[in-house]
>>> print(open('protein24.txt').read())   # compact mmCIF, C-alpha atoms
# COMPACT_ATOMS: atom_id res chain seq x y z
CA MET N 1 -24.89 127.99 34.50
CA SER N 2 -25.67 124.41 35.44
CA THR N 3 -28.74 123.54 37.46
CA PRO N 4 -28.02 124.16 41.18
CA LYS N 5 -27.63 120.92 43.13
CA PHE N 6 -28.98 122.45 46.34
CA ARG N 7 -29.56 125.64 48.34
CA ILE N 8 -27.70 126.19 51.59
CA ALA N 9 -28.97 128.54 54.29
CA ILE N 10 -26.35 129.87 56.69
CA CYS N 11 -27.98 131.31 59.79
CA GLY N 12 -25.50 133.75 61.27
CA GLY N 13 -23.33 136.36 59.57
CA GLY N 14 -20.36 136.40 61.93
CA VAL N 15 -16.82 135.33 61.10
CA GLY N 16 -17.74 131.64 60.79
CA GLY N 17 -20.87 132.12 58.70
CA LEU N 18 -19.20 134.54 56.28
CA THR N 19 -16.11 132.34 55.95
CA LEU N 20 -18.39 129.49 54.95
CA ALA N 21 -20.15 131.69 52.40
CA VAL N 22 -16.81 132.75 50.89
CA ALA N 23 -15.58 129.13 50.84
CA LEU N 24 -18.75 127.97 49.10
CA SER N 25 -18.26 130.58 46.36
CA ARG N 26 -15.87 128.09 44.71
CA TYR N 27 -18.89 125.91 43.89
CA PRO N 28 -21.19 127.69 41.41
CA ASP N 29 -23.74 124.86 41.55
CA ILE N 30 -24.61 125.71 45.18
CA ILE N 31 -26.96 128.59 46.02
CA VAL N 32 -26.18 130.32 49.32
CA ASP N 33 -28.35 132.50 51.54
CA VAL N 34 -26.90 134.14 54.64
CA TYR N 35 -29.42 135.20 57.29
CA GLU N 36 -28.12 137.67 59.86
CA ALA N 37 -30.14 138.61 62.96
CA ALA N 38 -28.79 142.17 63.16
CA GLN N 39 -29.94 145.10 61.03
CA SER N 40 -26.52 145.13 59.36
CA PHE N 41 -23.53 142.84 59.16
CA TYR N 42 -21.11 143.72 61.92
CA GLU N 43 -19.03 142.04 64.59
CA ILE N 44 -19.05 143.03 68.25
CA GLY N 45 -15.87 142.82 70.27
CA ALA N 46 -12.39 144.21 69.75
CA GLY N 47 -9.29 142.18 69.03
CA VAL N 48 -9.27 138.74 67.48
CA GLY N 49 -6.27 136.49 66.97
CA VAL N 50 -5.72 133.87 64.29
CA TRP N 51 -2.95 131.32 64.81
CA PRO N 52 -0.90 129.84 61.92
CA ARG N 53 -3.05 126.69 61.63
CA ALA N 54 -6.22 128.69 60.93
CA PHE N 55 -4.42 131.34 58.88
CA LYS N 56 -3.18 128.62 56.51
CA VAL N 57 -6.84 127.83 55.87
CA LEU N 58 -7.63 131.48 55.08
CA ARG N 59 -4.69 131.56 52.65
CA LYS N 60 -6.56 129.01 50.53
CA PHE N 61 -8.84 131.87 49.44
CA GLY N 62 -5.99 133.29 47.37
CA PRO N 63 -3.11 135.80 47.57
CA ASP N 64 -5.33 138.89 47.25
CA PHE N 65 -7.42 137.79 50.22
CA GLU N 66 -4.27 137.07 52.22
CA GLN N 67 -2.78 140.49 51.41
CA GLN N 68 -5.94 142.26 52.55
CA LEU N 69 -5.75 140.43 55.87
CA LEU N 70 -2.04 141.21 56.24
CA ARG N 71 -2.74 144.91 55.68
CA CYS N 72 -5.41 144.80 58.39
CA CYS N 73 -2.96 143.57 61.01
CA GLY N 74 0.04 145.62 59.91
CA TYR N 75 2.26 142.80 58.66
CA GLU N 76 4.03 143.20 55.34
CA CYS N 77 4.45 139.46 55.14
CA ARG N 78 4.00 136.35 57.24
CA THR N 79 6.71 134.07 58.49
CA GLU N 80 7.01 130.37 59.19
CA GLU N 81 10.04 130.84 61.43
CA TYR N 82 9.87 130.60 65.21
CA VAL N 83 9.06 134.02 66.62
CA PRO N 84 8.29 135.39 70.10
CA ALA N 85 4.50 135.51 70.41
CA VAL N 86 3.57 136.24 74.02
CA LYS N 87 5.58 137.43 77.02
CA TYR N 88 4.37 136.14 80.40
CA ARG N 89 4.89 137.94 83.70
CA LYS N 90 3.97 137.04 87.26
CA SER N 91 2.30 140.27 88.22
CA ASP N 92 0.23 139.85 91.41
CA GLN N 93 3.06 141.26 93.52
CA ALA N 94 4.79 144.59 94.10
CA VAL N 95 7.62 143.78 91.71
CA GLY N 96 6.65 141.66 88.71
CA THR N 97 8.92 139.02 87.23
CA GLU N 98 9.26 137.66 83.71
CA VAL N 99 8.37 133.96 83.60
CA PHE N 100 8.83 132.95 79.95
CA ASP N 101 8.37 133.92 76.32
CA LEU N 102 6.05 131.78 74.22
CA MET N 103 7.73 131.00 70.90
CA THR N 104 5.49 129.99 68.03
CA LYS N 105 6.21 128.75 64.51
CA GLY N 106 4.65 131.62 62.60
CA ASN N 107 2.95 134.81 63.69
CA LEU N 108 -0.20 135.20 65.68
CA MET N 109 -2.19 137.38 63.28
CA ARG N 110 -3.97 140.06 65.32
CA PHE N 111 -6.95 141.94 63.88
CA HIS N 112 -9.59 144.35 64.98
CA ARG N 113 -12.61 142.08 64.69
CA ALA N 114 -14.57 144.56 62.55
CA HIS N 115 -11.68 144.78 60.04
CA PHE N 116 -11.48 140.99 59.71
CA HIS N 117 -15.23 140.88 59.24
CA GLY N 118 -15.03 143.61 56.61
CA VAL N 119 -12.56 141.64 54.48
CA LEU N 120 -14.86 138.62 54.51
CA LEU N 121 -17.84 140.76 53.49
CA SER N 122 -15.89 142.21 50.57
CA TYR N 123 -15.30 138.70 49.19
CA LEU N 124 -18.91 137.52 49.21
CA PRO N 125 -19.78 136.54 45.63
CA PRO N 126 -22.81 137.95 43.78
CA SER N 127 -24.33 134.46 43.90
CA CYS N 128 -24.60 134.74 47.68
CA THR N 129 -27.74 136.52 48.90
CA THR N 130 -27.61 138.22 52.29
CA HIS N 131 -30.63 138.94 54.46
CA ASN N 132 -30.57 141.27 57.47
CA ALA N 133 -32.87 141.38 60.48
CA LYS N 134 -33.54 137.65 60.12
CA ARG N 135 -33.12 135.86 63.43
CA LEU N 136 -33.98 132.18 63.23
CA LYS N 137 -36.68 131.05 65.63
CA SER N 138 -37.02 127.42 64.55
CA TYR N 139 -36.89 125.09 61.59
CA THR N 140 -38.84 122.08 60.39
CA GLN N 141 -36.91 119.27 58.75
CA PRO N 142 -39.05 116.84 56.72
CA PHE N 143 -38.90 113.22 57.73
CA LYS N 144 -41.89 110.92 58.10
CA GLY N 145 -44.46 111.08 55.34
CA CYS N 146 -42.41 113.49 53.21
CA SER N 147 -40.16 113.12 50.24
CA ILE N 148 -36.55 112.71 51.31
CA ASN N 149 -35.71 115.74 49.19
CA SER N 150 -38.44 118.03 50.57
CA PRO N 151 -37.06 121.39 51.68
CA ILE N 152 -36.35 122.50 55.23
CA THR N 153 -38.63 125.32 56.38
CA LEU N 154 -37.07 128.16 58.35
CA THR N 155 -39.21 130.32 60.63
CA PHE N 156 -37.84 133.68 61.75
CA THR N 157 -38.75 135.79 64.76
CA ASP N 158 -40.52 138.29 62.49
CA GLY N 159 -43.00 135.55 61.56
CA LEU N 160 -41.77 135.14 58.00
CA THR N 161 -40.48 131.87 56.57
CA ALA N 162 -38.00 130.65 53.98
CA THR N 163 -36.84 127.29 52.66
CA CYS N 164 -33.52 125.61 52.01
CA ASP N 165 -32.11 122.17 51.30
CA VAL N 166 -29.28 122.35 53.83
CA LEU N 167 -29.17 124.42 57.02
CA ILE N 168 -25.93 125.42 58.71
CA GLY N 169 -26.35 126.97 62.14
CA ALA N 170 -23.64 129.59 62.59
CA ASP N 171 -25.91 131.50 64.96
CA GLY N 172 -23.60 131.67 67.92
CA ILE N 173 -23.70 130.54 71.50
CA LYS N 174 -27.47 131.14 71.84
CA SER N 175 -28.10 129.15 68.68
CA ALA N 176 -31.75 128.49 67.82
CA THR N 177 -30.47 125.92 65.33
CA ARG N 178 -28.80 123.99 68.15
CA SER N 179 -31.98 124.05 70.23
CA CYS N 180 -34.10 122.61 67.40
CA MET N 181 -31.49 120.09 66.29
CA LEU N 182 -30.86 118.65 69.75
CA ARG N 183 -34.61 118.31 70.31
CA GLU N 184 -34.80 116.34 67.07
CA LEU N 185 -31.83 114.24 68.12
CA ALA N 186 -33.38 113.47 71.53
CA GLU N 187 -36.61 112.09 70.10
CA GLY N 188 -36.97 108.41 70.80
CA MET N 189 -34.16 108.30 73.35
CA SER N 190 -34.47 106.89 76.86
CA PRO N 191 -35.42 109.48 79.53
CA GLU N 192 -31.86 109.56 80.86
CA GLU N 193 -30.27 109.97 77.43
CA LYS N 194 -32.84 112.57 76.47
CA GLN N 195 -32.15 114.60 79.61
CA SER N 196 -28.42 114.56 78.87
CA VAL N 197 -28.90 115.71 75.26
CA LEU N 198 -31.38 118.45 76.16
CA SER N 199 -29.06 119.75 78.87
CA CYS N 200 -26.71 120.84 76.08
CA ILE N 201 -29.22 123.27 74.56
CA ASN N 202 -28.70 126.23 76.87
CA PRO N 203 -25.30 127.84 77.40
CA VAL N 204 -23.90 127.79 80.93
CA TRP N 205 -21.86 130.38 82.78
CA SER N 206 -18.32 129.04 82.77
CA GLY N 207 -17.24 130.72 85.99
CA VAL N 208 -15.14 133.16 83.95
CA THR N 209 -15.74 136.90 83.88
CA ALA N 210 -13.98 138.93 81.19
CA TYR N 211 -13.02 142.60 81.32
CA ARG N 212 -12.55 144.13 77.89
CA THR N 213 -11.59 147.55 76.65
CA LEU N 214 -9.46 149.41 74.13
CA ILE N 215 -6.77 151.71 75.48
CA SER N 216 -5.56 154.69 73.48
CA ALA N 217 -1.94 154.03 72.53
CA GLU N 218 -1.35 157.79 72.54
CA LYS N 219 -2.56 158.05 76.13
CA LEU N 220 -0.41 155.12 77.27
CA ARG N 221 2.62 156.52 75.44
CA ALA N 222 2.19 159.88 77.20
CA ARG N 223 2.20 158.13 80.56
CA CYS N 224 4.88 155.54 79.80
CA PRO N 225 6.61 156.17 76.42
CA ASP N 226 8.26 152.74 76.15
CA HIS N 227 5.56 150.56 77.65
CA ARG N 228 5.85 146.96 76.50
CA ALA N 229 2.16 146.74 75.52
CA LEU N 230 2.79 149.30 72.79
CA ARG N 231 5.00 146.81 70.95
CA GLU N 232 4.43 143.26 72.20
CA PHE N 233 1.78 140.83 73.40
CA THR N 234 2.09 140.59 77.18
CA THR N 235 0.17 138.48 79.69
CA TYR N 236 0.10 139.61 83.33
CA MET N 237 -0.58 136.60 85.56
CA GLY N 238 -2.05 136.45 89.07
CA LYS N 239 -3.87 134.09 91.39
CA ASP N 240 -7.40 133.50 89.97
CA ALA N 241 -7.03 136.51 87.64
CA PHE N 242 -4.90 137.66 84.72
CA PHE N 243 -5.00 140.07 81.82
CA LEU N 244 -3.35 140.41 78.45
CA ALA N 245 -2.56 143.46 76.36
CA TYR N 246 -1.30 143.92 72.82
CA PRO N 247 -1.35 146.56 70.05
CA ILE N 248 -3.99 146.42 67.30
CA SER N 249 -5.32 148.66 64.51
CA LEU N 250 -1.79 149.41 63.24
CA GLY N 251 -0.74 150.56 66.70
CA LYS N 252 -3.59 152.99 67.34
CA TYR N 253 -5.00 151.00 70.25
CA VAL N 254 -3.92 148.50 72.85
CA ASN N 255 -6.42 145.68 73.20
CA PHE N 256 -6.99 144.80 76.87
CA ALA N 257 -8.67 141.56 77.95
CA GLY N 258 -8.73 140.59 81.63
CA PHE N 259 -10.24 137.54 83.29
CA THR N 260 -11.24 136.23 86.68
CA LEU N 261 -11.86 132.49 87.14
CA GLN N 262 -14.00 130.69 89.71
CA SER N 263 -12.20 127.37 89.75
CA ASP N 264 -15.08 125.05 90.71
CA LEU N 265 -17.23 126.23 87.79
CA VAL N 266 -14.36 126.32 85.30
CA ASP N 267 -13.60 122.68 86.12
CA THR N 268 -17.06 121.62 84.90
CA ALA N 269 -17.64 124.14 82.10
CA TYR N 270 -18.13 121.45 79.44
CA GLU N 271 -19.81 118.71 81.45
CA ALA N 272 -23.23 117.65 80.14
CA ASP N 273 -24.61 116.52 83.50
CA ALA N 274 -28.18 117.72 83.91
CA GLY N 275 -28.26 116.34 87.45
CA ILE N 276 -25.69 118.78 88.85
CA PRO N 277 -27.09 122.20 89.81
CA ARG N 278 -24.93 125.07 88.59
CA ARG N 279 -24.56 128.66 89.73
CA THR N 280 -25.49 131.41 87.31
CA PHE N 281 -23.83 134.78 86.93
CA GLU N 282 -25.14 137.24 89.50
CA GLY N 283 -23.72 140.52 88.19
CA LYS N 284 -25.60 143.20 86.28
CA VAL N 285 -25.49 142.31 82.59
CA ASP N 286 -27.80 142.62 79.60
CA ALA N 287 -29.35 139.86 77.51
CA GLU N 288 -25.98 139.29 75.84
CA TRP N 289 -24.27 138.81 79.24
CA VAL N 290 -22.49 142.15 78.86
CA GLY N 291 -22.40 145.02 81.34
CA GLU N 292 -20.82 148.48 81.27
CA LEU N 293 -18.19 149.34 83.88
CA THR N 294 -16.65 152.56 85.09
CA ALA N 295 -12.86 152.74 85.10
CA GLU N 296 -12.83 152.18 88.87
CA GLN N 297 -15.01 149.08 88.61
CA PHE N 298 -13.01 147.76 85.67
CA VAL N 299 -9.59 147.79 87.35
CA GLU N 300 -10.76 146.36 90.70
CA PRO N 301 -9.74 142.69 90.11
CA PHE N 302 -6.23 143.77 89.05
CA LYS N 303 -5.49 146.71 91.37
CA HIS N 304 -2.92 144.70 93.37
CA PHE N 305 -0.84 143.95 90.26
CA GLU N 306 2.68 145.29 89.61
CA GLU N 307 3.52 148.84 88.51
CA ASP N 308 3.94 147.84 84.84
CA ALA N 309 0.33 146.62 84.89
CA LYS N 310 -0.88 149.70 86.74
CA HIS N 311 0.35 151.97 83.95
CA LEU N 312 -2.13 150.22 81.66
CA LEU N 313 -4.93 150.24 84.22
CA GLU N 314 -4.52 153.98 84.78
CA CYS N 315 -5.27 154.56 81.09
CA VAL N 316 -8.63 152.76 81.19
CA GLU N 317 -11.53 155.17 80.64
CA ARG N 318 -14.37 152.66 80.68
CA GLY N 319 -14.90 149.03 79.82
CA THR N 320 -17.28 146.14 79.49
CA LEU N 321 -17.78 143.10 81.67
CA TRP N 322 -18.63 139.83 79.94
CA ALA N 323 -20.03 136.81 81.74
CA VAL N 324 -18.27 134.17 79.64
CA HIS N 325 -20.65 131.36 78.78
CA THR N 326 -19.82 128.06 77.12
CA VAL N 327 -21.67 125.24 75.42
CA LYS N 328 -21.38 121.77 76.92
CA THR N 329 -19.69 119.15 74.77
CA LEU N 330 -22.37 118.13 72.27
CA PRO N 331 -23.29 114.51 71.44
CA SER N 332 -23.46 115.50 67.77
CA THR N 333 -23.14 118.58 65.55
CA ASN N 334 -25.36 117.22 62.78
CA PHE N 335 -28.75 115.66 62.24
CA GLY N 336 -30.25 114.98 58.82
CA ARG N 337 -29.49 117.95 56.59
CA VAL N 338 -28.70 120.31 59.47
CA ALA N 339 -25.31 121.01 61.04
CA LEU N 340 -23.83 123.38 63.60
CA MET N 341 -20.56 125.27 63.37
CA GLY N 342 -18.51 127.77 65.37
CA ASP N 343 -19.85 128.88 68.74
CA ALA N 344 -23.18 127.18 68.02
CA ALA N 345 -21.30 123.89 68.10
CA HIS N 346 -18.44 124.48 70.52
CA ALA N 347 -18.45 127.85 72.29
CA MET N 348 -15.27 127.58 74.33
CA LEU N 349 -13.25 129.49 76.87
CA PRO N 350 -11.08 132.15 75.21
CA PHE N 351 -7.70 131.29 76.75
CA GLN N 352 -6.03 130.06 73.56
CA GLY N 353 -7.58 132.68 71.30
CA SER N 354 -8.88 129.91 69.06
CA GLY N 355 -12.64 130.41 68.84
CA ALA N 356 -12.48 132.35 65.57
CA GLY N 357 -9.89 129.96 64.14
CA GLN N 358 -12.04 126.93 64.92
CA SER N 359 -14.98 128.61 63.15
CA VAL N 360 -12.77 129.17 60.11
CA GLU N 361 -11.77 125.49 60.11
CA ASP N 362 -15.39 124.36 60.48
CA ALA N 363 -16.37 126.57 57.55
CA TYR N 364 -13.68 125.36 55.18
CA PHE N 365 -14.27 121.71 56.04
CA LEU N 366 -18.04 122.05 55.53
CA ALA N 367 -17.54 123.77 52.18
CA THR N 368 -15.14 121.02 51.09
CA VAL N 369 -17.49 118.11 51.81
CA LEU N 370 -20.68 119.87 50.69
CA GLY N 371 -19.12 121.27 47.53
CA HIS N 372 -17.52 117.99 46.49
CA LYS N 373 -18.80 116.66 43.16
CA SER N 374 -19.80 113.38 44.85
CA THR N 375 -22.14 115.13 47.29
CA THR N 376 -25.75 115.32 46.16
CA LEU N 377 -28.89 116.33 48.00
CA GLU N 378 -29.45 112.67 48.84
CA THR N 379 -25.95 112.28 50.33
CA VAL N 380 -25.84 115.57 52.27
CA PRO N 381 -26.55 113.75 55.57
CA ARG N 382 -23.46 111.61 55.02
CA ALA N 383 -21.33 114.66 54.20
CA LEU N 384 -22.47 116.35 57.40
CA ALA N 385 -21.83 113.16 59.38
CA ILE N 386 -18.27 113.15 58.02
CA TYR N 387 -17.89 116.75 59.18
CA ASP N 388 -19.08 115.74 62.64
CA LYS N 389 -16.82 112.71 62.80
CA LEU N 390 -13.66 114.62 61.96
CA ARG N 391 -14.28 118.09 63.38
CA ARG N 392 -16.21 117.56 66.63
CA PRO N 393 -13.49 115.59 68.49
CA PHE N 394 -10.84 118.09 67.43
CA SER N 395 -12.75 121.20 68.49
CA ALA N 396 -13.72 119.49 71.77
CA ASP N 397 -10.04 118.86 72.46
CA VAL N 398 -9.20 122.50 71.70
CA ALA N 399 -11.90 123.57 74.16
CA VAL N 400 -10.36 121.44 76.92
CA ARG N 401 -6.86 122.72 76.11
CA SER N 402 -8.14 126.30 76.21
CA ARG N 403 -9.60 125.75 79.68
CA LEU N 404 -6.28 124.33 80.89
CA SER N 405 -4.46 127.40 79.58
CA GLY N 406 -6.64 129.64 81.74
CA GLN N 407 -6.10 127.44 84.77
CA LEU N 408 -2.33 127.48 84.25
CA LEU N 409 -2.26 131.28 84.02
CA THR N 410 -4.17 131.70 87.29
CA SER N 411 -2.32 129.19 89.50
CA GLN N 412 -5.27 126.78 89.52
CA THR N 413 -3.09 123.74 88.77
CA ASP N 414 -0.21 122.13 90.61
CA VAL N 415 2.29 122.97 87.84
CA PRO N 416 5.26 124.81 89.43
CA LEU N 417 6.26 128.19 88.02
CA HIS N 418 9.54 126.92 86.55
CA LYS N 419 7.65 124.35 84.44
CA LEU N 420 4.87 126.70 83.34
CA GLY N 421 6.48 127.67 80.05
CA ASP N 422 6.96 124.12 78.78
CA THR N 423 3.49 123.09 79.96
CA ILE N 424 1.72 125.99 78.26
CA THR N 425 3.73 125.51 75.05
CA LYS N 426 3.02 121.77 74.77
CA ASN N 427 -0.67 122.39 75.47
CA TRP N 428 -0.86 125.02 72.73
CA GLU N 429 1.52 123.96 69.98
CA TRP N 430 -1.25 122.27 67.98
CA ALA N 431 -2.12 125.82 66.84
CA TRP N 432 1.12 126.21 64.88
CA LEU N 433 2.48 122.68 64.40
CA THR N 434 -0.58 120.98 62.91
CA GLU N 435 -2.76 121.63 59.84
CA LEU N 436 -6.35 121.06 58.79
CA ASP N 437 -5.17 119.41 55.57
CA ASP N 438 -4.99 115.88 57.01
CA ALA N 439 -8.63 116.06 58.11
CA LEU N 440 -9.63 117.54 54.74
CA GLU N 441 -7.92 114.67 52.94
CA GLU N 442 -9.67 112.12 55.15
CA GLY N 443 -13.00 113.89 54.66
CA VAL N 444 -12.69 113.82 50.87
CA LYS N 445 -11.76 110.14 51.00
CA LEU N 446 -14.91 109.37 52.99
CA VAL N 447 -17.09 111.44 50.64
CA GLU N 448 -15.73 109.67 47.58
CA ASN N 449 -16.01 106.16 49.01
CA SER N 450 -19.53 105.67 50.36
CA SER N 451 -18.76 102.07 51.29
CA ILE N 452 -16.64 103.21 54.25
CA ASN N 453 -18.63 103.13 57.47
CA ILE N 454 -18.44 106.47 59.33
CA SER N 455 -20.47 105.58 62.40
>>> encode(input="protein24.txt", output="structure tokens")
Amino acid sequence: MSTPKFRIAICGGGVGGLTLAVALSRYPDIIVDVYEAAQSFYEIGAGVGVWPRAFKVLRKFGPDFEQQLLRCCGYECRTEEYVPAVKYRKSDQAVGTEVFDLMTKGNLMRFHRAHFHGVLLSYLPPSCTTHNAKRLKSYTQPFKGCSINSPITLTFTDGLTATCDVLIGADGIKSATRSCMLRELAEGMSPEEKQSVLSCINPVWSGVTAYRTLISAEKLRARCPDHRALREFTTYMGKDAFFLAYPISLGKYVNFAGFTLQSDLVDTAYEADAGIPRRTFEGKVDAEWVGELTAEQFVEPFKHFEEDAKHLLECVERGTLWAVHTVKTLPSTNFGRVALMGDAAHAMLPFQGSGAGQSVEDAYFLATVLGHKSTTLETVPRALAIYDKLRRPFSADVAVRSRLSGQLLTSQTDVPLHKLGDTITKNWEWAWLTELDDALEEGVKLVENSSINIS
């Protein structure tokens, strides 16, 4: 084996962090350590969707990987034809009405999050070392008075330390990597600029509250044998609230995700204005912004919905409430030999089901520029700057589009009902009509030609 060119530490073992580790396995001259805060690698949450754009990235890991994913979501094969993806109903009335069917070019691949995570874990190479119960507290990146190639020192909450050459923060919305990196970035700035940068460190409550549960398909079938949620993805829309339901785990469960939106806070969910005071969530939640609800509490925001919706609500046994937080649009996702990815970089509203897909894209792009033969330890900062240049604007745009989707579904825009279908489709079609490949090609071009200015 050739001498390793550098060691990468990935802090965070969720979907994004593990996808990066799998993608880096193509480069045997890179040593990878994955540090996960939990005692074991697992993913919280229930259903996760991956649109065709992101699934095309996952297919790059090979046919065996793709087949494992297809088995997880119950598809024998994927299609690139236009297919019905989501059925939308206006439901905050006694008799609901169908509004439109969203047609997408290719399937929305629906997984139980733990199954998706499990496939990624099974593809970690022996060269990747995993570490559990390692929550990053801070890092020290050498600059003044040190060799340019001196290692980065990681300090964990257990008091122990480790070193690496490159640090990728995949540590989620409460990212310690983001906190340290933005403080580094703010040094030397004017007071006003510094305040703006530092205001991006802490997540903010978006004004969205999510209601999540799994419903037994058997229980729903006993109550309503031919209920649409047993076979198709359906969104039930209302004023300031909506929910969606679709089958997962090979039809064993129906994934239920409901939302309420406070419009004034949603409007400013990504604004990095430290001068504007912002309300915080006042409900009873734990440190992860999650609270347990009884069935009666869970269905309260949707109890005035149509009968079709009530059949689902009557099957709820318990659920969780999530105060949905977001990260303000960052001024940068890289500094020196440190970069952010996934929710650490762009935690967004969930209304286009694209958070996991954007993490996958971040991971593959990072692996491509870091693993390229032209990238050395000395040029890592340029590779990460290329990642920031090409990925940050795109993910920021997806975040804004996702917010608009939620506003459209809850009558918080002036778009009339008869134009809703076209508006939602045009706002969302990037997820099945575009590909990451163009950005990858541009990234490789910039890595190979160091004379091109990327600022």
>>> residues_around(input="protein24.txt", residues="Val197 of chain N", least_positions_apart="2", cutoff="12 Å", atoms="all atoms listed in the file", output="ChimeraX atom specification")
/N:178-195,199-202,271-274,327-333
>>> atom_distance(input="protein24.txt", atom1="atom CA of Glu300 of chain N", atom2="atom CA of Thr235 of chain N")
17.4 Å
>>> closest_residue(input="protein24.txt", among="N:Asp388, N:Asp362, N:Glu442, N:Asp343", to="Leu20 of chain N", atoms="all atoms listed in the file")
N:Asp362
>>> residues_around(input="protein24.txt", residues="Ala133 of chain N", least_positions_apart="6", cutoff="12 Å", atoms="all atoms listed in the file", output="list in words")
Cys11, Gly12, Gly13, Val34, Tyr35, Glu36, Ala37, Ala38, Gln39, Ser40, Phe41, Phe156, Thr157, Asp158, Gly159 and Leu160 of chain N
>>> write_last_selection(input="protein24.txt", atoms="C-alpha atoms", output="PDB file, in the coordinates of the input")
ATOM      1  CA  CYS N  11     -27.980 131.310  59.790  1.00  0.00           C
ATOM      2  CA  GLY N  12     -25.500 133.750  61.270  1.00  0.00           C
ATOM      3  CA  GLY N  13     -23.330 136.360  59.570  1.00  0.00           C
ATOM      4  CA  VAL N  34     -26.900 134.140  54.640  1.00  0.00           C
ATOM      5  CA  TYR N  35     -29.420 135.200  57.290  1.00  0.00           C
ATOM      6  CA  GLU N  36     -28.120 137.670  59.860  1.00  0.00           C
ATOM      7  CA  ALA N  37     -30.140 138.610  62.960  1.00  0.00           C
ATOM      8  CA  ALA N  38     -28.790 142.170  63.160  1.00  0.00           C
ATOM      9  CA  GLN N  39     -29.940 145.100  61.030  1.00  0.00           C
ATOM     10  CA  SER N  40     -26.520 145.130  59.360  1.00  0.00           C
ATOM     11  CA  PHE N  41     -23.530 142.840  59.160  1.00  0.00           C
ATOM     12  CA  PHE N 156     -37.840 133.680  61.750  1.00  0.00           C
ATOM     13  CA  THR N 157     -38.750 135.790  64.760  1.00  0.00           C
ATOM     14  CA  ASP N 158     -40.520 138.290  62.490  1.00  0.00           C
ATOM     15  CA  GLY N 159     -43.000 135.550  61.560  1.00  0.00           C
ATOM     16  CA  LEU N 160     -41.770 135.140  58.000  1.00  0.00           C
TER      17      LEU N 160
END
>>> atom_distance(input="protein24.txt", atom1="atom CA of Ser263 of chain N", atom2="atom CA of Trp51 of chain N")
26.9 Å
>>> residues_around(input="protein24.txt", residues="Thr368 of chain N", least_positions_apart="2", cutoff="9 Å", atoms="all atoms listed in the file", output="VMD selection string")
chain N and resid 23 to 24 363 to 366 370 to 372 440 443 to 444
>>> atom_distance(input="protein24.txt", atom1="atom CA of Arg231 of chain N", atom2="atom CA of Lys419 of chain N")
26.3 Å
>>> closest_residue(input="protein24.txt", among="N:Ser451, N:Thr19, N:Thr104, N:Gln67", to="Leu121 of chain N", atoms="all atoms listed in the file")
N:Thr19
>>> closest_residue(input="protein24.txt", among="N:Leu261, N:Tyr88, N:Glu361, N:Gly342", to="Arg228 of chain N", atoms="only C-alpha atoms")
N:Tyr88
>>> closest_residue(input="protein24.txt", among="N:Val32, N:Leu198, N:Val166, N:Ile173", to="Ala345 of chain N", atoms="only C-alpha atoms")
N:Ile173
